[in-house]
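Student: As input, take structure20.cif (mmCIF, C-alpha atoms):
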```cif
data_entry
loop_
_atom_site.group_PDB
_atom_site.id
_atom_site.type_symbol
_atom_site.label_atom_id
_atom_site.label_comp_id
_atom_site.auth_asym_id
_atom_site.auth_seq_id
_atom_site.Cartn_x
_atom_site.Cartn_y
_atom_site.Cartn_z
ATOM 1 C CA MET V 916 4.392 -18.872 -34.713
ATOM 2 C CA THR V 917 1.324 -19.734 -32.601
ATOM 3 C CA ASP V 918 -0.219 -17.243 -30.196
ATOM 4 C CA PRO V 919 0.410 -19.322 -27.013
ATOM 5 C CA PHE V 920 4.015 -19.796 -28.099
ATOM 6 C CA ARG V 921 4.448 -16.030 -28.523
ATOM 7 C CA ARG V 922 2.985 -15.445 -25.085
ATOM 8 C CA LEU V 923 5.317 -17.986 -23.531
ATOM 9 C CA LEU V 924 8.282 -16.342 -25.244
ATOM 10 C CA GLY V 925 7.096 -12.970 -23.931
ATOM 11 C CA VAL V 926 6.954 -14.270 -20.355
ATOM 12 C CA LEU V 927 10.381 -15.857 -20.689
ATOM 13 C CA LEU V 928 11.761 -12.563 -22.036
ATOM 14 C CA LEU V 929 10.287 -10.706 -19.051
ATOM 15 C CA LEU V 930 11.862 -13.198 -16.661
ATOM 16 C CA ALA V 931 15.244 -12.887 -18.401
ATOM 17 C CA LEU V 932 15.086 -9.087 -18.209
ATOM 18 C CA ALA V 933 14.206 -9.333 -14.528
ATOM 19 C CA ALA V 934 17.249 -11.538 -13.911
ATOM 20 C CA CYS V 935 19.479 -9.008 -15.698
ATOM 21 C CA ALA V 936 18.094 -6.183 -13.579
ATOM 22 C CA GLN V 937 18.764 -8.204 -10.407
ATOM 23 C CA THR V 938 22.362 -8.776 -11.524
ATOM 24 C CA ASP V 939 22.812 -5.039 -12.270
ATOM 25 C CA ARG V 940 21.543 -4.122 -8.793
ATOM 26 C CA ALA V 941 23.748 -6.758 -7.163
ATOM 27 C CA ALA V 942 26.824 -5.298 -8.850
ATOM 28 C CA GLN V 943 25.849 -1.765 -7.813
ATOM 29 C CA ARG V 944 25.350 -2.777 -4.167
ATOM 30 C CA ALA V 945 28.390 -5.015 -3.808
ATOM 31 C CA GLN V 946 30.934 -3.805 -1.291
ATOM 32 C CA ALA V 947 34.485 -2.855 -2.274
ATOM 33 C CA VAL V 948 37.156 -4.697 -0.328
ATOM 34 C CA PRO V 949 39.480 -2.223 1.435
ATOM 35 C CA GLY V 950 42.903 -2.319 -0.145
ATOM 36 C CA ALA V 951 41.631 -4.151 -3.230
ATOM 37 C CA PRO V 952 43.481 -3.333 -6.438
ATOM 38 C CA LEU V 953 41.971 -0.872 -8.851
ATOM 39 C CA ASP V 954 40.854 -2.029 -12.265
ATOM 40 C CA THR V 955 42.899 -0.030 -14.759
ATOM 41 C CA MET V 956 43.079 0.119 -18.516
ATOM 42 C CA THR V 957 44.625 2.377 -21.129
ATOM 43 C CA ASP V 958 42.463 4.808 -23.099
ATOM 44 C CA PRO V 959 43.239 4.016 -26.765
ATOM 45 C CA ALA V 960 42.672 7.647 -27.868
ATOM 46 C CA THR V 961 45.007 9.313 -25.353
ATOM 47 C CA GLY V 962 47.258 6.468 -24.218
ATOM 48 C CA GLN V 963 46.603 7.578 -20.626
ATOM 49 C CA PRO V 964 45.701 5.070 -17.894
ATOM 50 C CA VAL V 965 42.045 5.058 -16.900
ATOM 51 C CA ILE V 966 41.055 3.970 -13.402
ATOM 52 C CA ARG V 967 37.681 2.273 -13.410
ATOM 53 C CA GLY V 968 37.328 1.811 -9.654
ATOM 54 C CA PRO V 969 37.972 -0.867 -7.041
ATOM 55 C CA VAL V 970 37.388 -4.516 -7.758
ATOM 56 C CA LEU V 971 34.046 -5.477 -6.247
ATOM 57 C CA THR V 972 33.531 -8.725 -4.415
ATOM 58 C CA GLY V 973 30.733 -10.340 -2.488
ATOM 59 C CA THR V 974 27.048 -10.454 -3.183
ATOM 60 C CA ALA V 975 24.343 -7.902 -2.801
ATOM 61 C CA PRO V 976 22.007 -8.155 0.161
ATOM 62 C CA ARG V 977 18.706 -9.777 -0.740
ATOM 63 C CA THR V 978 15.411 -8.429 0.471
ATOM 64 C CA PRO V 979 13.001 -11.305 1.240
ATOM 65 C CA GLY V 980 9.750 -11.018 -0.689
ATOM 66 C CA LYS V 981 10.986 -8.213 -2.949
ATOM 67 C CA THR V 982 9.415 -8.738 -6.355
ATOM 68 C CA SER V 983 10.155 -5.626 -8.323
ATOM 69 C CA GLY V 984 13.034 -3.339 -9.094
ATOM 70 C CA ILE V 985 14.436 -0.780 -11.479
ATOM 71 C CA SER V 986 16.171 -1.758 -14.687
ATOM 72 C CA SER V 987 19.434 -0.213 -15.826
ATOM 73 C CA ILE V 988 17.413 2.263 -17.913
ATOM 74 C CA GLY V 989 15.257 3.313 -14.964
ATOM 75 C CA ALA V 990 12.120 1.357 -15.876
ATOM 76 C CA PRO V 991 10.340 -0.931 -13.383
ATOM 77 C CA VAL V 992 11.011 -4.613 -13.988
ATOM 78 C CA ALA V 993 9.082 -7.599 -12.611
ATOM 79 C CA GLN V 994 11.322 -9.902 -10.580
ATOM 80 C CA GLY V 995 9.553 -13.157 -11.361
ATOM 81 C CA ALA V 996 6.240 -14.783 -12.012
ATOM 82 C CA GLU V 997 4.904 -13.885 -8.563
ATOM 83 C CA ALA V 998 4.995 -10.206 -9.554
ATOM 84 C CA LEU V 999 2.702 -10.970 -12.506
ATOM 85 C CA ASN V 1000 0.131 -12.718 -10.296
ATOM 86 C CA THR V 1001 -2.448 -10.037 -9.441
ATOM 87 C CA THR V 1002 -4.829 -12.264 -7.453
ATOM 88 C CA THR V 1003 -5.364 -11.645 -3.754
ATOM 89 C CA ARG V 1004 -4.628 -14.121 -0.986
ATOM 90 C CA SER V 1005 -8.386 -14.527 -0.457
ATOM 91 C CA GLU V 1006 -8.951 -15.303 -4.158
ATOM 92 C CA ARG V 1007 -6.154 -17.898 -4.069
ATOM 93 C CA GLN V 1008 -7.654 -19.525 -0.958
ATOM 94 C CA GLN V 1009 -11.104 -19.713 -2.579
ATOM 95 C CA ALA V 1010 -9.660 -21.207 -5.759
ATOM 96 C CA ALA V 1011 -7.688 -23.804 -3.785
ATOM 97 C CA ALA V 1012 -10.694 -24.843 -1.632
ATOM 98 C CA ALA V 1013 -11.893 -28.437 -1.851
ATOM 99 C CA PRO V 1014 -14.643 -29.100 -4.395
ATOM 100 C CA SER V 1015 -18.226 -29.073 -3.130
ATOM 101 C CA GLY V 1016 -19.250 -32.079 -5.237
ATOM 102 C CA GLY V 1017 -21.385 -32.553 -8.306
ATOM 103 C CA GLU V 1018 -18.479 -32.406 -10.727
ATOM 104 C CA ARG V 1019 -18.247 -34.091 -14.108
ATOM 105 C CA ARG V 1020 -14.855 -35.146 -15.476
ATOM 106 C CA LEU V 1021 -14.329 -33.701 -18.970
ATOM 107 C CA GLY V 1022 -10.941 -35.230 -19.719
ATOM 108 C CA THR V 1023 -7.203 -34.692 -19.626
ATOM 109 C CA THR V 1024 -5.372 -31.944 -21.488
ATOM 110 C CA ILE V 1025 -1.842 -30.646 -21.845
ATOM 111 C CA ALA V 1026 -1.572 -27.303 -20.055
ATOM 112 C CA SER V 1027 0.541 -24.367 -21.147
ATOM 113 C CA LEU V 1028 0.753 -20.856 -19.761
ATOM 114 C CA GLY V 1029 -1.960 -18.591 -21.141
ATOM 115 C CA ASP V 1030 -1.800 -14.792 -21.356
ATOM 116 C CA PRO V 1031 -0.147 -13.735 -18.056
ATOM 117 C CA SER V 1032 -1.685 -10.263 -18.320
ATOM 118 C CA GLN V 1033 -5.202 -11.752 -18.160
ATOM 119 C CA PRO V 1034 -6.149 -11.830 -14.437
ATOM 120 C CA GLY V 1035 -7.996 -14.486 -12.507
ATOM 121 C CA PHE V 1036 -8.312 -18.265 -12.490
ATOM 122 C CA TRP V 1037 -9.274 -19.616 -15.910
ATOM 123 C CA VAL V 1038 -8.534 -22.291 -18.486
ATOM 124 C CA LYS V 1039 -9.110 -21.933 -22.222
ATOM 125 C CA THR V 1040 -9.757 -25.457 -23.372
ATOM 126 C CA PRO V 1041 -11.315 -27.327 -26.294
ATOM 127 C CA LEU V 1042 -12.990 -29.617 -23.717
ATOM 128 C CA VAL V 1043 -15.925 -27.166 -23.268
ATOM 129 C CA GLN V 1044 -18.335 -25.644 -25.767
ATOM 130 C CA SER V 1045 -19.577 -22.807 -23.541
ATOM 131 C CA GLU V 1046 -18.129 -20.886 -20.611
ATOM 132 C CA THR V 1047 -18.745 -22.588 -17.265
ATOM 133 C CA GLN V 1048 -17.249 -23.026 -13.815
ATOM 134 C CA GLY V 1049 -14.962 -25.951 -13.162
ATOM 135 C CA ARG V 1050 -11.828 -27.255 -11.547
ATOM 136 C CA ILE V 1051 -8.446 -28.461 -12.766
ATOM 137 C CA VAL V 1052 -6.266 -31.029 -11.011
ATOM 138 C CA ASN V 1053 -2.573 -31.769 -11.278
ATOM 139 C CA PRO V 1054 -2.496 -35.591 -10.960
ATOM 140 C CA ALA V 1055 1.245 -35.493 -10.218
ATOM 141 C CA ASN V 1056 0.708 -33.846 -6.806
ATOM 142 C CA GLY V 1057 -3.092 -33.790 -6.275
ATOM 143 C CA LYS V 1058 -3.287 -29.973 -6.136
ATOM 144 C CA SER V 1059 -6.342 -28.364 -7.700
ATOM 145 C CA ALA V 1060 -7.777 -24.961 -8.593
ATOM 146 C CA LYS V 1061 -11.330 -23.779 -9.175
ATOM 147 C CA VAL V 1062 -11.373 -22.023 -12.544
ATOM 148 C CA ARG V 1063 -13.585 -20.519 -15.212
ATOM 149 C CA LEU V 1064 -13.604 -22.896 -18.199
ATOM 150 C CA ILE V 1065 -13.523 -20.949 -21.463
ATOM 151 C CA PRO V 1066 -14.002 -22.581 -24.891
ATOM 152 C CA LEU V 1067 -10.936 -22.784 -27.106
ATOM 153 C CA GLY V 1068 -11.239 -23.864 -30.708
ATOM 154 C CA GLY V 1069 -9.527 -27.037 -31.804
ATOM 155 C CA ALA V 1070 -9.698 -30.764 -31.290
ATOM 156 C CA ALA V 1071 -10.586 -32.119 -27.842
ATOM 157 C CA GLY V 1072 -7.089 -33.642 -27.650
ATOM 158 C CA GLY V 1073 -5.477 -30.241 -28.261
ATOM 159 C CA GLY V 1074 -3.752 -28.400 -25.480
ATOM 160 C CA SER V 1075 -5.228 -25.837 -23.114
ATOM 161 C CA GLN V 1076 -4.090 -22.417 -21.962
ATOM 162 C CA VAL V 1077 -4.054 -21.895 -18.187
ATOM 163 C CA SER V 1078 -3.847 -18.638 -16.241
ATOM 164 C CA LEU V 1079 -0.667 -17.922 -14.318
ATOM 165 C CA PRO V 1080 -2.349 -17.965 -10.863
ATOM 166 C CA ALA V 1081 -4.021 -21.316 -11.643
ATOM 167 C CA LEU V 1082 -0.713 -22.880 -12.718
ATOM 168 C CA GLN V 1083 0.891 -21.610 -9.527
ATOM 169 C CA LEU V 1084 -1.882 -23.185 -7.400
ATOM 170 C CA LEU V 1085 -1.257 -26.487 -9.189
ATOM 171 C CA GLY V 1086 2.428 -26.277 -8.284
ATOM 172 C CA VAL V 1087 3.467 -26.281 -11.938
ATOM 173 C CA SER V 1088 6.527 -24.527 -13.364
ATOM 174 C CA LEU V 1089 5.635 -21.951 -16.000
ATOM 175 C CA THR V 1090 7.859 -23.715 -18.520
ATOM 176 C CA ASP V 1091 6.361 -27.187 -17.965
ATOM 177 C CA LEU V 1092 3.657 -28.725 -20.131
ATOM 178 C CA PRO V 1093 1.869 -30.990 -17.634
ATOM 179 C CA ALA V 1094 -1.135 -33.190 -18.275
ATOM 180 C CA ILE V 1095 -3.993 -31.903 -16.092
ATOM 181 C CA GLU V 1096 -7.490 -33.219 -15.458
ATOM 182 C CA VAL V 1097 -10.452 -30.929 -16.182
ATOM 183 C CA PHE V 1098 -13.786 -31.075 -14.360
ATOM 184 C CA ALA V 1099 -16.987 -29.075 -14.922
ATOM 185 C CA SER V 1100 -19.069 -28.010 -11.908
#
```
Go ahead and express the file in the form of structure tokens.

Tutor:
Amino acid sequence: MTDPFRRLLGVLLLLALAACAQTDRAAQRAQAVPGAPLDTMTDPATGQPVIRGPVLTGTAPRTPGKTSGISSIGAPVAQGAEALNTTTRSERQQAAAAPSGGERRLGTTIASLGDPSQPGFWVKTPLVQSETQGRIVNPANGKSAKVRLIPLGGAAGGGSQVSLPALQLLGVSLTDLPAIEVFAS
């Protein structure tokens, strides 16, 4: 299994665990309907009825902007990709700023999510031989991000790994594999 593939699976596992934690909290916060029947069953060891509690209905209240919670085992769980993005609003604004000119187009590459624990705006790509500043563009919507271009071994037509904050600036889903344009400053 390739390293980028393992990372993607890790992110997807984190997102799945976050969804489970959200469902657990929703069930815990749901309101019992007055007069609702109790959920009963028979204990196989004693043959006695066991009352499990009222039937819960409704949905849990949602807190806008809440991005973290507690799992059923008491551990903090990220509630989505936004929780993994550690960049500040100022850093995102700087990265999204229009280019100042003097760029050189390096080519097009297929982008996949890089290591989400690695902070900042960067792209590991076989299109560069040494680390330099640059910009990536999503031709589907015209959004761009200023990034640090980091060499990645492989053929120039091979894919590139993109940081989570950079993919978010491009308006790309973390599970997509879009073709992006790469420019060096």

Student: Any idea what's packed within 9 Å of Phe1036 in chain V, counting all atoms listed in the file, ignoring anything in its chain fewer than 2 positions away? Could you give it as a list in words?

Tutor: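 Answer for this query is Thr1002, Glu1006, Arg1007, Ala1010, Pro1034, Val1038, Ala1060, Lys1061, Val1062, Arg1063, Val1077, Ser1078, Leu1079, Pro1080, Ala1081 and Leu1082 of chain V.
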
Student: Tell me, as an MDAnalysis selection string, which residues lie within 12 Å of range 1039-1056 of chain V, counting only C-alpha atoms; anything in the same chain fewer than 6 positions away does not count.

Tutor: chainID V and resid 919 1009:1030 1033 1062:1078 1081:1088 1092:1100

Student: Quick check, in Å to one decimal: how far apart do CA of Gly1035 in chain V and CA of Thr1003 in chain V lie?

Tutor: 9.6 Å
